[in-house]
Structure formats: structure tokens, C-alpha cells
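Q: Input file: final_4.cif. Contents: mmCIF, C-alpha atoms.
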```cif
data_upload
#
loop_
_atom_site.label_atom_id
_atom_site.label_comp_id
_atom_site.auth_asym_id
_atom_site.auth_seq_id
_atom_site.Cartn_x
_atom_site.Cartn_y
_atom_site.Cartn_z
CA MET Y 14 0.00 0.00 0.00
CA LYS Y 15 2.88 2.33 0.89
CA LYS Y 16 4.47 1.66 -2.52
CA ILE Y 17 1.20 2.46 -4.28
CA ALA Y 18 0.78 5.69 -2.31
CA ALA Y 19 4.37 6.69 -3.09
CA THR Y 20 3.83 6.00 -6.77
CA ILE Y 21 0.67 8.12 -6.81
CA ALA Y 22 2.48 10.93 -5.00
CA LEU Y 23 5.39 10.86 -7.43
CA SER Y 24 3.00 10.84 -10.38
CA THR Y 25 1.13 13.80 -8.90
CA LEU Y 26 4.37 15.71 -8.38
CA ALA Y 27 5.50 14.92 -11.91
CA ALA Y 28 2.20 16.14 -13.33
CA THR Y 29 2.29 19.26 -11.19
CA GLY Y 30 5.87 19.92 -12.28
CA ALA Y 31 4.97 19.51 -15.95
CA GLU Y 32 2.02 21.84 -15.58
CA ALA Y 33 4.17 24.42 -13.81
CA GLN Y 34 6.80 24.16 -16.53
CA GLU Y 35 4.08 24.64 -19.15
CA GLU Y 36 2.76 27.68 -17.26
CA ARG Y 37 6.26 29.17 -17.08
CA ARG Y 38 6.72 28.65 -20.81
CA ARG Y 39 3.49 30.40 -21.66
CA ILE Y 40 3.53 34.08 -22.58
CA ALA Y 41 -0.06 34.38 -23.72
CA PRO Y 42 -2.33 35.25 -20.76
CA ALA Y 43 -4.46 32.43 -19.36
CA PRO Y 44 -7.73 33.88 -20.75
CA VAL Y 45 -6.32 33.50 -24.26
CA TYR Y 46 -6.07 29.73 -23.76
CA GLU Y 47 -9.54 29.67 -22.21
CA VAL Y 48 -11.19 31.54 -25.08
CA ALA Y 49 -8.95 30.90 -28.11
CA PRO Y 50 -6.51 28.07 -27.34
CA ALA Y 51 -5.12 28.03 -30.88
CA LEU Y 52 -4.29 31.72 -30.54
CA GLY Y 53 -2.49 30.93 -27.30
CA ARG Y 54 -0.46 28.25 -29.02
CA PHE Y 55 0.39 30.52 -31.97
CA THR Y 56 1.39 33.26 -29.51
CA ASP Y 57 3.75 31.07 -27.51
CA ASP Y 58 5.11 28.70 -30.13
CA LEU Y 59 5.13 30.84 -33.26
CA LEU Y 60 5.25 34.54 -32.34
CA PHE Y 61 7.49 34.36 -29.28
CA GLY Y 62 8.94 30.90 -29.84
CA GLU Y 63 9.98 31.49 -33.47
CA VAL Y 64 9.54 35.03 -34.80
CA TRP Y 65 11.01 36.88 -31.83
CA ALA Y 66 13.89 34.37 -31.84
CA ARG Y 67 14.87 34.95 -35.46
CA PRO Y 68 18.43 36.37 -35.53
CA VAL Y 69 17.96 38.69 -38.50
CA LEU Y 70 16.80 41.44 -36.14
CA SER Y 71 18.01 41.79 -32.57
CA PRO Y 72 15.48 41.59 -29.72
CA ARG Y 73 16.07 45.33 -29.23
CA ASP Y 74 15.14 46.04 -32.86
CA ARG Y 75 12.04 43.86 -32.56
CA SER Y 76 10.96 45.77 -29.48
CA LEU Y 77 11.38 49.09 -31.32
CA ILE Y 78 9.36 47.81 -34.28
CA THR Y 79 6.63 46.37 -32.07
CA LEU Y 80 6.30 49.52 -29.99
CA ALA Y 81 6.18 51.61 -33.18
CA ALA Y 82 3.30 49.46 -34.47
CA LEU Y 83 1.39 49.55 -31.18
CA VAL Y 84 1.82 53.30 -30.64
CA SER Y 85 1.01 54.27 -34.22
CA THR Y 86 -2.14 52.14 -34.32
CA GLY Y 87 -3.34 53.18 -30.86
CA ARG Y 88 -3.17 49.67 -29.34
CA THR Y 89 -2.76 51.12 -25.85
CA ALA Y 90 -3.72 47.95 -23.96
CA GLN Y 91 -0.60 46.18 -25.21
CA ILE Y 92 1.85 49.09 -24.91
CA GLY Y 93 2.72 48.58 -21.25
CA ALA Y 94 3.83 44.97 -21.61
CA HIS Y 95 5.98 45.81 -24.61
CA VAL Y 96 7.51 48.86 -22.95
CA ALA Y 97 8.62 46.51 -20.17
CA ARG Y 98 9.93 44.03 -22.73
CA ALA Y 99 11.75 46.83 -24.57
CA LEU Y 100 13.49 47.90 -21.37
CA ASP Y 101 14.52 44.28 -20.77
CA ASN Y 102 15.85 44.14 -24.36
CA GLY Y 103 18.11 47.14 -23.85
CA VAL Y 104 16.01 50.06 -25.08
CA ARG Y 105 16.74 53.00 -22.79
CA PRO Y 106 13.86 54.97 -21.22
CA GLU Y 107 14.84 58.15 -23.09
CA GLU Y 108 14.79 56.20 -26.36
CA ILE Y 109 11.26 55.01 -25.65
CA GLY Y 110 10.24 58.61 -24.98
CA GLU Y 111 11.83 59.72 -28.24
CA LEU Y 112 10.11 56.90 -30.14
CA ILE Y 113 6.77 58.24 -28.92
CA THR Y 114 7.82 61.78 -29.90
CA GLN Y 115 8.81 60.64 -33.40
CA LEU Y 116 5.52 58.86 -33.91
CA ALA Y 117 3.49 61.89 -32.86
CA PHE Y 118 4.49 63.34 -36.25
CA TYR Y 119 3.77 60.18 -38.24
CA ALA Y 120 0.71 58.75 -36.45
CA GLY Y 121 -0.72 61.84 -34.77
CA TRP Y 122 -0.63 63.49 -31.36
CA PRO Y 123 -3.56 61.51 -29.84
CA ALA Y 124 -1.78 58.18 -30.39
CA ALA Y 125 1.44 59.57 -28.90
CA ILE Y 126 -0.20 61.15 -25.84
CA SER Y 127 -2.09 57.93 -25.12
CA ALA Y 128 1.20 56.01 -25.29
CA VAL Y 129 2.81 58.41 -22.81
CA PHE Y 130 0.39 57.49 -20.01
CA GLU Y 131 0.81 53.75 -20.58
CA THR Y 132 4.58 54.13 -20.62
CA ARG Y 133 4.63 56.28 -17.49
CA THR Y 134 2.91 53.49 -15.55
CA VAL Y 135 5.70 51.08 -16.41
CA PHE Y 136 8.37 53.66 -15.60
CA GLU Y 137 6.80 54.22 -12.17
CA GLN Y 138 6.68 50.48 -11.52
CA ARG Y 139 10.40 50.28 -12.28
CA SER Y 140 11.28 53.47 -10.38
CA ILE Y 141 12.44 55.21 -13.56
CA GLY Y 142 12.56 58.94 -12.92
CA PRO Y 143 11.70 61.80 -15.27
CA VAL Y 144 13.46 61.48 -18.63
CA ALA Y 145 15.77 64.32 -19.69
CA GLU Y 146 16.56 65.39 -23.24
CA SER Y 147 20.02 64.66 -24.57
CA GLY Y 148 22.60 67.43 -24.52
CA ALA Y 149 24.58 65.90 -27.39
CA ALA Y 150 25.24 67.78 -30.61
CA ARG Y 151 22.54 67.85 -33.26
CA ILE Y 152 22.74 65.24 -36.01
CA GLU Y 153 23.86 66.71 -39.32
CA LEU Y 154 21.77 65.49 -42.25
CA GLU Y 155 23.41 64.92 -45.65
CA ALA Y 156 23.36 68.32 -47.35
CA ALA Y 157 22.74 67.27 -50.96
CA ALA Y 158 19.95 64.86 -50.06
CA GLU Y 159 18.34 67.48 -47.82
CA ALA Y 160 18.51 70.10 -50.55
CA ALA Y 161 16.77 67.74 -52.98
CA ARG Y 162 14.16 66.80 -50.41
CA LYS Y 163 13.43 70.42 -49.55
CA ALA Y 164 13.13 71.36 -53.22
CA ALA Y 165 10.66 68.52 -53.73
CA VAL Y 166 8.54 69.62 -50.77
CA ASP Y 167 8.63 73.26 -51.83
CA GLY Y 168 7.63 72.34 -55.38
CA ALA Y 169 4.94 69.78 -54.66
CA VAL Y 170 3.48 70.91 -51.33
CA GLY Y 171 4.34 74.61 -51.05
CA PRO Y 172 2.01 76.00 -53.73
CA THR Y 173 -1.04 74.29 -52.21
CA ALA Y 174 -0.23 74.02 -48.50
CA PRO Y 175 2.57 76.48 -47.70
CA ALA Y 176 2.19 76.05 -43.94
CA LEU Y 177 2.60 72.28 -44.26
CA ALA Y 178 5.67 72.72 -46.47
CA ASP Y 179 7.18 75.11 -43.92
CA LEU Y 180 6.52 72.76 -41.00
CA THR Y 181 7.88 69.80 -42.96
CA ASN Y 182 11.16 71.57 -43.72
CA ARG Y 183 11.58 73.59 -40.54
CA VAL Y 184 10.24 71.23 -37.85
CA LEU Y 185 10.01 67.66 -39.14
CA PHE Y 186 13.37 67.54 -40.90
CA GLY Y 187 14.90 70.73 -39.51
CA ASP Y 188 14.37 69.72 -35.88
CA LEU Y 189 12.90 66.27 -35.17
CA TRP Y 190 15.13 64.23 -37.49
CA GLN Y 191 18.21 66.02 -36.16
CA ARG Y 192 17.55 65.23 -32.49
CA PRO Y 193 20.35 63.11 -30.98
CA ASP Y 194 18.02 61.36 -28.52
CA LEU Y 195 17.56 58.46 -30.96
CA ALA Y 196 20.10 57.06 -33.42
CA PRO Y 197 19.28 57.82 -37.09
CA ARG Y 198 19.02 54.09 -37.87
CA ASP Y 199 16.52 53.56 -35.04
CA ARG Y 200 14.53 56.66 -36.01
CA SER Y 201 14.27 55.36 -39.57
CA LEU Y 202 13.42 51.86 -38.39
CA ILE Y 203 10.46 52.96 -36.24
CA THR Y 204 9.23 55.31 -38.98
CA MET Y 205 9.27 52.45 -41.49
CA ALA Y 206 7.44 50.22 -39.02
CA ALA Y 207 4.79 52.86 -38.31
CA LEU Y 208 4.14 53.52 -42.01
CA ILE Y 209 3.59 49.82 -42.64
CA ALA Y 210 1.43 49.44 -39.55
CA ILE Y 211 -0.89 52.32 -40.42
CA GLY Y 212 -1.14 51.26 -44.07
CA GLN Y 213 0.83 54.05 -45.76
CA PRO Y 214 3.12 52.14 -48.18
CA GLU Y 215 3.23 55.10 -50.60
CA GLN Y 216 5.38 56.92 -48.03
CA LEU Y 217 7.63 53.91 -47.55
CA PRO Y 218 10.13 54.21 -50.45
CA PHE Y 219 11.70 57.42 -49.14
CA HIS Y 220 11.92 56.16 -45.56
CA ALA Y 221 13.11 52.65 -46.49
CA GLY Y 222 15.88 54.20 -48.55
CA ARG Y 223 16.69 56.58 -45.71
CA ALA Y 224 16.80 53.67 -43.25
CA MET Y 225 19.30 51.81 -45.41
CA ASP Y 226 21.36 54.98 -45.82
CA ASN Y 227 21.32 55.16 -42.02
CA GLY Y 228 22.74 51.64 -41.64
CA LEU Y 229 19.80 49.23 -41.85
CA SER Y 230 20.82 46.23 -43.96
CA ARG Y 231 18.73 44.81 -46.78
CA ASP Y 232 18.03 41.64 -44.78
CA GLU Y 233 17.00 43.68 -41.74
CA ALA Y 234 14.68 45.84 -43.84
CA ALA Y 235 13.12 42.71 -45.37
CA GLU Y 236 12.50 41.28 -41.90
CA VAL Y 237 10.45 44.28 -40.78
CA PRO Y 238 7.19 43.34 -42.60
CA ALA Y 239 7.59 39.72 -41.49
CA HIS Y 240 7.60 40.85 -37.86
CA LEU Y 241 4.81 43.38 -38.41
CA ALA Y 242 2.53 40.77 -39.98
CA PHE Y 243 1.81 39.68 -36.40
CA TYR Y 244 1.23 43.20 -35.05
CA ALA Y 245 -0.40 45.03 -37.95
CA GLY Y 246 -1.89 42.09 -39.87
CA TRP Y 247 -0.90 40.23 -42.99
CA PRO Y 248 -2.59 42.59 -45.50
CA ARG Y 249 -0.51 45.59 -44.43
CA ALA Y 250 2.67 43.55 -44.28
CA MET Y 251 2.02 42.16 -47.77
CA SER Y 252 1.30 45.66 -49.14
CA ALA Y 253 4.78 46.72 -48.06
CA VAL Y 254 6.55 43.93 -49.94
CA PRO Y 255 6.29 45.26 -53.54
CA VAL Y 256 7.35 48.70 -52.30
CA LEU Y 257 10.45 47.29 -50.64
CA GLU Y 258 11.13 45.19 -53.73
CA LYS Y 259 11.37 48.36 -55.83
CA VAL Y 260 13.59 50.04 -53.25
CA PHE Y 261 15.95 47.06 -53.16
CA ALA Y 262 16.05 46.83 -56.97
CA GLY Y 263 16.72 50.53 -57.34
CA ARG Y 264 19.57 50.48 -54.85
CA ALA Y 265 21.06 47.37 -56.43
CA ALA Y 266 20.93 48.95 -59.87
CA ALA Y 267 22.50 52.15 -58.57
CA ALA Y 268 25.26 50.20 -56.84
CA ALA Y 269 25.95 48.18 -59.98
CA ALA Y 270 25.97 51.25 -62.18
CA GLY Y 271 28.25 53.26 -59.90
CA THR Y 272 29.28 56.51 -61.52
CA ASP Y 273 29.75 55.13 -65.04
CA LEU Y 274 28.13 56.79 -68.02
CA ARG Y 275 25.78 54.27 -69.56
CA VAL Y 276 23.55 53.86 -72.60
CA ILE Y 277 20.13 52.26 -72.37
CA PRO Y 278 19.48 50.68 -75.78
CA ALA Y 279 16.15 51.52 -77.42
CA ALA Y 280 15.49 47.81 -78.05
CA PRO Y 281 11.81 48.09 -79.13
CA GLU Y 282 11.84 44.32 -79.59
CA THR Y 283 11.93 44.04 -75.78
CA ALA Y 284 8.79 46.15 -75.36
CA THR Y 285 6.22 45.06 -72.82
CA PRO Y 286 2.48 45.79 -73.06
CA GLY Y 287 1.17 48.76 -71.11
CA PRO Y 288 -0.87 47.40 -68.17
CA ASP Y 289 -4.58 47.13 -68.96
CA ALA Y 290 -5.42 48.93 -65.73
CA TYR Y 291 -3.63 52.09 -66.87
CA PHE Y 292 -4.01 52.11 -70.68
CA THR Y 293 -6.72 51.71 -73.30
CA GLY Y 294 -5.80 50.07 -76.60
CA GLU Y 295 -2.48 48.65 -77.76
CA VAL Y 296 0.44 50.26 -75.95
CA LYS Y 297 4.10 49.14 -75.85
CA VAL Y 298 6.68 50.35 -73.33
CA TYR Y 299 10.45 49.98 -73.68
CA GLY Y 300 13.76 51.67 -72.91
CA HIS Y 301 13.09 52.11 -69.19
CA TYR Y 302 15.72 54.05 -67.30
CA GLN Y 303 16.16 55.44 -63.80
CA GLY Y 304 18.73 57.98 -62.71
CA ASP Y 305 21.07 57.13 -59.86
CA ALA Y 306 20.47 58.67 -56.43
CA PRO Y 307 20.35 61.44 -55.48
CA ALA Y 308 18.76 62.00 -58.90
CA ARG Y 309 15.04 61.13 -58.98
CA ILE Y 310 14.47 61.22 -62.72
CA GLY Y 311 13.32 58.29 -64.79
CA GLY Y 312 11.42 57.53 -67.94
CA ALA Y 313 10.65 55.25 -70.86
CA THR Y 314 9.59 55.22 -74.49
CA VAL Y 315 5.89 54.54 -74.99
CA ALA Y 316 4.36 53.60 -78.35
CA PHE Y 317 0.59 54.01 -78.81
CA ALA Y 318 -1.42 52.36 -81.60
CA PRO Y 319 -4.15 54.52 -83.19
CA GLY Y 320 -6.81 55.31 -80.58
CA ALA Y 321 -4.68 54.05 -77.66
CA ARG Y 322 -4.20 56.30 -74.64
CA THR Y 323 -3.36 56.45 -70.95
CA ALA Y 324 -5.86 56.58 -68.13
CA TRP Y 325 -6.28 59.83 -66.22
CA HIS Y 326 -3.31 60.33 -63.91
CA THR Y 327 -1.11 62.83 -62.07
CA HIS Y 328 2.63 63.13 -61.34
CA PRO Y 329 3.83 64.59 -58.01
CA LEU Y 330 6.62 66.57 -59.67
CA GLY Y 331 5.20 66.87 -63.18
CA GLN Y 332 6.07 65.13 -66.44
CA THR Y 333 7.74 65.98 -69.75
CA LEU Y 334 6.79 64.26 -73.02
CA PHE Y 335 8.95 64.40 -76.16
CA ILE Y 336 6.95 63.34 -79.22
CA SER Y 337 9.29 61.34 -81.45
CA GLU Y 338 6.90 60.19 -84.18
CA GLY Y 339 3.28 60.07 -85.25
CA ARG Y 340 0.38 62.22 -84.12
CA GLY Y 341 -1.01 62.38 -80.63
CA LEU Y 342 -3.38 64.06 -78.21
CA VAL Y 343 -2.97 65.40 -74.68
CA GLN Y 344 -5.54 66.92 -72.35
CA LYS Y 345 -5.64 68.21 -68.80
CA ASP Y 346 -8.84 67.85 -66.83
CA GLY Y 347 -11.24 70.62 -67.86
CA GLY Y 348 -9.00 71.84 -70.70
CA PRO Y 349 -9.11 71.44 -74.47
CA VAL Y 350 -7.66 68.42 -76.27
CA LEU Y 351 -4.30 69.50 -77.76
CA LYS Y 352 -2.73 67.92 -80.84
CA VAL Y 353 0.98 67.05 -80.83
CA GLY Y 354 3.43 65.81 -83.42
CA PRO Y 355 7.11 64.91 -83.95
CA GLY Y 356 9.51 67.26 -82.17
CA ASP Y 357 6.85 68.71 -79.85
CA VAL Y 358 7.64 68.83 -76.14
CA VAL Y 359 4.79 68.72 -73.62
CA TRP Y 360 5.17 69.83 -70.00
CA ILE Y 361 2.53 68.65 -67.53
CA PRO Y 362 2.74 70.54 -64.18
CA PRO Y 363 2.82 68.70 -60.83
CA MET Y 364 -0.45 67.14 -59.64
CA THR Y 365 -2.24 68.06 -62.88
CA ARG Y 366 -4.85 65.47 -63.79
CA HIS Y 367 -4.37 64.60 -67.48
CA TRP Y 368 -4.12 61.92 -70.15
CA HIS Y 369 -2.18 61.50 -73.40
CA GLY Y 370 -2.10 59.06 -76.30
CA ALA Y 371 -2.36 58.57 -80.03
CA ALA Y 372 -4.79 60.24 -82.43
CA PRO Y 373 -7.79 58.13 -83.48
CA ASP Y 374 -6.35 57.54 -86.96
CA ALA Y 375 -2.58 57.62 -86.33
CA ALA Y 376 -0.02 55.97 -84.05
CA MET Y 377 2.19 58.05 -81.77
CA THR Y 378 5.42 57.43 -79.85
CA HIS Y 379 6.75 59.64 -77.08
CA PHE Y 380 9.54 59.59 -74.54
CA ALA Y 381 8.15 60.28 -71.07
CA ILE Y 382 10.27 61.78 -68.27
CA ALA Y 383 9.20 62.26 -64.63
CA GLU Y 384 10.73 62.67 -61.19
CA ALA Y 385 9.83 60.72 -58.08
CA LEU Y 386 8.69 62.31 -54.84
CA ASP Y 387 9.27 60.01 -51.85
CA GLY Y 388 9.51 57.14 -54.33
CA SER Y 389 6.18 57.93 -56.01
CA VAL Y 390 6.17 58.83 -59.71
CA VAL Y 391 2.53 58.57 -60.75
CA THR Y 392 -0.98 58.20 -59.35
CA TRP Y 393 -3.32 56.40 -61.73
CA MET Y 394 -7.05 57.08 -61.89
CA GLU Y 395 -9.97 55.94 -64.04
CA LYS Y 396 -9.66 55.26 -67.76
CA VAL Y 397 -10.59 57.82 -70.43
CA SER Y 398 -13.89 56.55 -71.80
CA ASP Y 399 -14.65 56.21 -75.51
CA ALA Y 400 -17.26 58.93 -75.06
CA ASP Y 401 -14.66 61.38 -73.72
CA TYR Y 402 -11.96 60.44 -76.25
CA PRO Y 403 -12.15 62.63 -79.39
CA SER Y 404 -13.47 60.74 -82.40
CA GLY Y 405 -11.75 62.98 -84.95
CA GLY Y 406 -7.97 63.21 -85.44
#
```
Can I see the file as C-alpha cells?
A:
Amino acid sequence: MKKIAATIALSTLAATGAEAQEERRRIAPAPVYEVAPALGRFTDDLLFGEVWARPVLSPRDRSLITLAALVSTGRTAQIGAHVARALDNGVRPEEIGELITQLAFYAGWPAAISAVFETRTVFEQRSIGPVAESGAARIELEAAAEAARKAAVDGAVGPTAPALADLTNRVLFGDLWQRPDLAPRDRSLITMAALIAIGQPEQLPFHAGRAMDNGLSRDEAAEVPAHLAFYAGWPRAMSAVPVLEKVFAGRAAAAAAGTDLRVIPAAPETATPGPDAYFTGEVKVYGHYQGDAPARIGGATVAFAPGARTAWHTHPLGQTLFISEGRGLVQKDGGPVLKVGPGDVVWIPPMTRHWHGAAPDAAMTHFAIAEALDGSVVTWMEKVSDADYPSGG
């Protein structure tokens, strides 16, 4: 009987020990397992057991990215736990405060102020006193890149929203981005993460490029959406992938090209069809080129069959068309349809809604040139209907 009792006791202790070990291993709160046990398992085994353990990004980087996503999307209930985790992963209190400050400009003041109160609770629990601003020297931004950026803002934003252009140049980049309280790489990393989390991939090319200029590697940049898939959702992470793909390709091409003069062959035999979403009729595009940074200019040759044309669209910094052959048409929204021919040069101002293409009875080829603003070259809109397209050449 004593042996049986001892065996039962040992079995009970073993079971209790296993349960305790399982409880210690769990990160997901107990209610998660009670309501959504699969979510609990994914949380412990996949998110924290695999994703957080991936070596591509350090735990400190992952904490910065996670906090950026939570703050920018207003997920205040989870901020406290991740502030504590960030402190454990080596993020200093003043860096957390500066992260919140940075995101006030990219996600809005309400999200940042809400994050302050959640963070203060954790600081009080850990006896972290008031945070002081750094007395280090201001960070000097690269002069040529800043001059190009300022010119782009002045040209594209200034005419319509002069106050916004002034604040962008004077405060956002003239003050915030030069603060030494957060390393430039970290500032870029959290800005990238916030843009993905709030679903603003059109702003991502500039900041992804800036992050890599500030020391973020290609592999680290590629890991950011993988981590954020768990904190911002798969759709927003997936939307960032094609944007990053273009950034990586552009930087690779620029690195391969170096400073060499190069010729891009016309090679019309390599032409690809103009995407159906953006063109009506038969359109061929070839001779793509892109200037090396800090240049933002790029273009291609576009050949339109009779009656073919673009959809309505705008360019953030305008567009120049050189008509090389045939007869064509161009129209801005609300303006007359203008006829163009070989040797004509067409200038379309920034943010001017317009279309261009061939005449109804003649083909037309033009060379199109445009500059990118924050990585964006064109915004496509609806197609030009047959009713709106002139029937006479």
C-alpha cells in the first residue's frame, strides 16, 4: 500500500511539475487559452517561440518595431507589456520617450499622448525617474539629399499648403530628425514600421531608402514586414513587400551602375504591353531608365497604336513628353484636347490630372520623363472613356 501511495504521490508531483513548466513557458495570458486556445499556441510557439527568436533582427530592434506598431495604431492595452519588454531588451527609457515623440508626427498626437500614459505606468513600476533630453550635438543630415528633399517639398506641397511645407522643412526635418536622442538608424526603423502598420506604403520608399542609408541592412529591412505581420496584420505587411522590392532593386541597380556613363538601348523588340489597368488600346513600353540617387528622374519610351491612350493620372513633380513620331493628343482635366506631333515637347505641371495618347487615326510614340517624390512617380485614376476620347484626329 505504501508503494502504491508513493507511486501516486510521485505521479502527482510529476504532473504538477509539468504543468508548472508549461505555465512558465506560456507568454499568452491564461484567458487566451480559455477563449482561443489556438491563438495561445500561436502566440507562444510561433510569435514568441519562433519570430522573436529569429536572428535577422536583434530583440532590441524587434521591441522598437513592435512599440512603433502599437503606438502608431493606438493599441494602448498592449503598450505597457511591450515597454517593459523593450526595457529588458536594452532600449533605454529616453529612447522610448523619443520613439513616442517621433511617432506623434507620423501617427498623430492623440496616439502619442495615449502612449505616454501607458509608458509612465511602467516607468513608475520600475522606479524610472523623469526622462531628460540629450545634450549631445545635433545630427547633421546629408546636405545634398536634404537640398533635394526640400526642393521637392517646396515644389509639390508649397504652392497648395505652404504652412505644411514650412513645418515639414523647418520642424520635421529641420528639428525632429536632427535630435540626438535616438540614433538615425533607429529613427528610420520605427518610422518604417509605423508607415507599414498604419497602411501608408506610398510613403515607404523614401523612408526605407533613408533607413538603409542610415545603416539598416537589406536583410533587416526585409525582416520588418515579417515581424509586423503579427502586429499590424498580414494585408498591411504584404502591401509593403512590392514597395520594398522596388527600393531594393533601385539600390542594387544604382550600386551596380556606380558613376559610369551608360547607354540604355532603345530595343523596341523588348517592349512590354502597357498594363490594362492604366491604358486603353495597344500600348508598348520599352527603354526604361532610372537615374542614380540622389537623382530622382526616370522615364521610358511609350508607343501608342491609333486610338490608344493612358488613363487619367497625375505626377507629383510633373512630367515631360517628347513626341518622337506620329500624331497624338494630350488633355488636362477641364481643358481642351491638344494635338501634338514629332519634335513637340509637352510639359505637364505637378499634380495636374491629365491623359495622353495617339490620335484616333494615327499611331504616336513619345519619350516620357518624370521625377519621383518620396519614391512615387505617378498616381493612376480611371480610364478615359470612348465617349470622352475625341473621335476625330
Q: At what distance in Å, to one decimal, does CA of Trp190 in chain Y lie from CA of Leu80 in chain Y?
A: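 CA of Leu80 in chain Y sits 18.7 Å away from CA of Trp190 in chain Y.
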Q: Spell out the residues picked by the PyMOL selection byres ((chain Y and resi 116) around 12) here, as a PyMOL selection string.
A: chain Y and resi 77-78+80-87+109-115+117-129+185+189-190+200-208+210-211
Q: Can you spell out as a list of chain:residue names the set of residues that the PyMOL selection byres ((chain Y and resi 138-148) around 9) selects in the structure I just provided?
A: Y:Ala97, Y:Pro106, Y:Glu107, Y:Gly110, Y:Glu111, Y:Arg133, Y:Thr134, Y:Val135, Y:Phe136, Y:Glu137, Y:Ala149, Y:Ala150, Y:Arg151, Y:Arg192, Y:Pro193, Y:Asp194
Q: Measure the distance from CA of Asp232 in chain Y to CA of Val69 in chain Y in Å and round it to one decimal.
A: 6.9 Å
Q: For Phe317 in chain Y, work out the shell of residues within 10 Å, counting all atoms listed in the file and skipping chain neighbours fewer than 6 positions away, then give it as a list of chain:residue names.
A: Y:Gly287, Y:Phe292, Y:Thr293, Y:Gly294, Y:Glu295, Y:Val296, Y:Lys297, Y:Val298, Y:Thr323, Y:Gly339, Y:Arg340, Y:Gly341, Y:His369, Y:Gly370, Y:Ala371, Y:Ala372, Y:Ala375, Y:Ala376, Y:Met377, Y:Thr378, Y:His379
Q: For a test of reading the model, state the distance in Å between CA of Gly331 in chain Y and CA of Ala383 in chain Y, rounded to one decimal.
A: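 Result for CA of Gly331 in chain Y versus CA of Ala383 in chain Y: 6.3 Å, one decimal.
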Q: Since the input is missing atoms, can you rebuild N, CA and C atoms for range 314-325 of chain Y and write them as a PDB file, in the coordinates of the input?
A:
```
ATOM      1  N   THR Y 314      10.234  54.959 -73.207  1.00  0.00           N
ATOM      2  CA  THR Y 314       9.590  55.220 -74.490  1.00  0.00           C
ATOM      3  C   THR Y 314       8.265  54.460 -74.520  1.00  0.00           C
ATOM      4  N   VAL Y 315       7.219  55.152 -74.954  1.00  0.00           N
ATOM      5  CA  VAL Y 315       5.890  54.540 -74.990  1.00  0.00           C
ATOM      6  C   VAL Y 315       5.311  54.705 -76.388  1.00  0.00           C
ATOM      7  N   ALA Y 316       4.921  53.595 -77.001  1.00  0.00           N
ATOM      8  CA  ALA Y 316       4.360  53.600 -78.350  1.00  0.00           C
ATOM      9  C   ALA Y 316       2.871  53.270 -78.288  1.00  0.00           C
ATOM     10  N   PHE Y 317       2.040  54.168 -78.825  1.00  0.00           N
ATOM     11  CA  PHE Y 317       0.590  54.010 -78.810  1.00  0.00           C
ATOM     12  C   PHE Y 317       0.087  53.680 -80.216  1.00  0.00           C
ATOM     13  N   ALA Y 318      -0.724  52.630 -80.344  1.00  0.00           N
ATOM     14  CA  ALA Y 318      -1.420  52.360 -81.600  1.00  0.00           C
ATOM     15  C   ALA Y 318      -2.528  53.385 -81.773  1.00  0.00           C
ATOM     16  N   PRO Y 319      -3.054  53.565 -82.991  1.00  0.00           N
ATOM     17  CA  PRO Y 319      -4.150  54.520 -83.190  1.00  0.00           C
ATOM     18  C   PRO Y 319      -5.276  54.295 -82.166  1.00  0.00           C
ATOM     19  N   GLY Y 320      -5.717  55.388 -81.551  1.00  0.00           N
ATOM     20  CA  GLY Y 320      -6.810  55.310 -80.580  1.00  0.00           C
ATOM     21  C   GLY Y 320      -6.392  54.894 -79.181  1.00  0.00           C
ATOM     22  N   ALA Y 321      -5.130  54.471 -78.986  1.00  0.00           N
ATOM     23  CA  ALA Y 321      -4.680  54.050 -77.660  1.00  0.00           C
ATOM     24  C   ALA Y 321      -4.327  55.271 -76.818  1.00  0.00           C
ATOM     25  N   ARG Y 322      -4.515  55.166 -75.509  1.00  0.00           N
ATOM     26  CA  ARG Y 322      -4.200  56.300 -74.640  1.00  0.00           C
ATOM     27  C   ARG Y 322      -4.032  55.819 -73.198  1.00  0.00           C
ATOM     28  N   THR Y 323      -3.504  56.738 -72.380  1.00  0.00           N
ATOM     29  CA  THR Y 323      -3.360  56.450 -70.950  1.00  0.00           C
ATOM     30  C   THR Y 323      -4.702  56.636 -70.259  1.00  0.00           C
ATOM     31  N   ALA Y 324      -4.755  56.205 -69.011  1.00  0.00           N
ATOM     32  CA  ALA Y 324      -5.860  56.580 -68.130  1.00  0.00           C
ATOM     33  C   ALA Y 324      -5.574  57.981 -67.587  1.00  0.00           C
ATOM     34  N   TRP Y 325      -6.527  58.578 -66.932  1.00  0.00           N
ATOM     35  CA  TRP Y 325      -6.280  59.830 -66.220  1.00  0.00           C
ATOM     36  C   TRP Y 325      -5.237  59.565 -65.142  1.00  0.00           C
TER      37      TRP Y 325
END
```
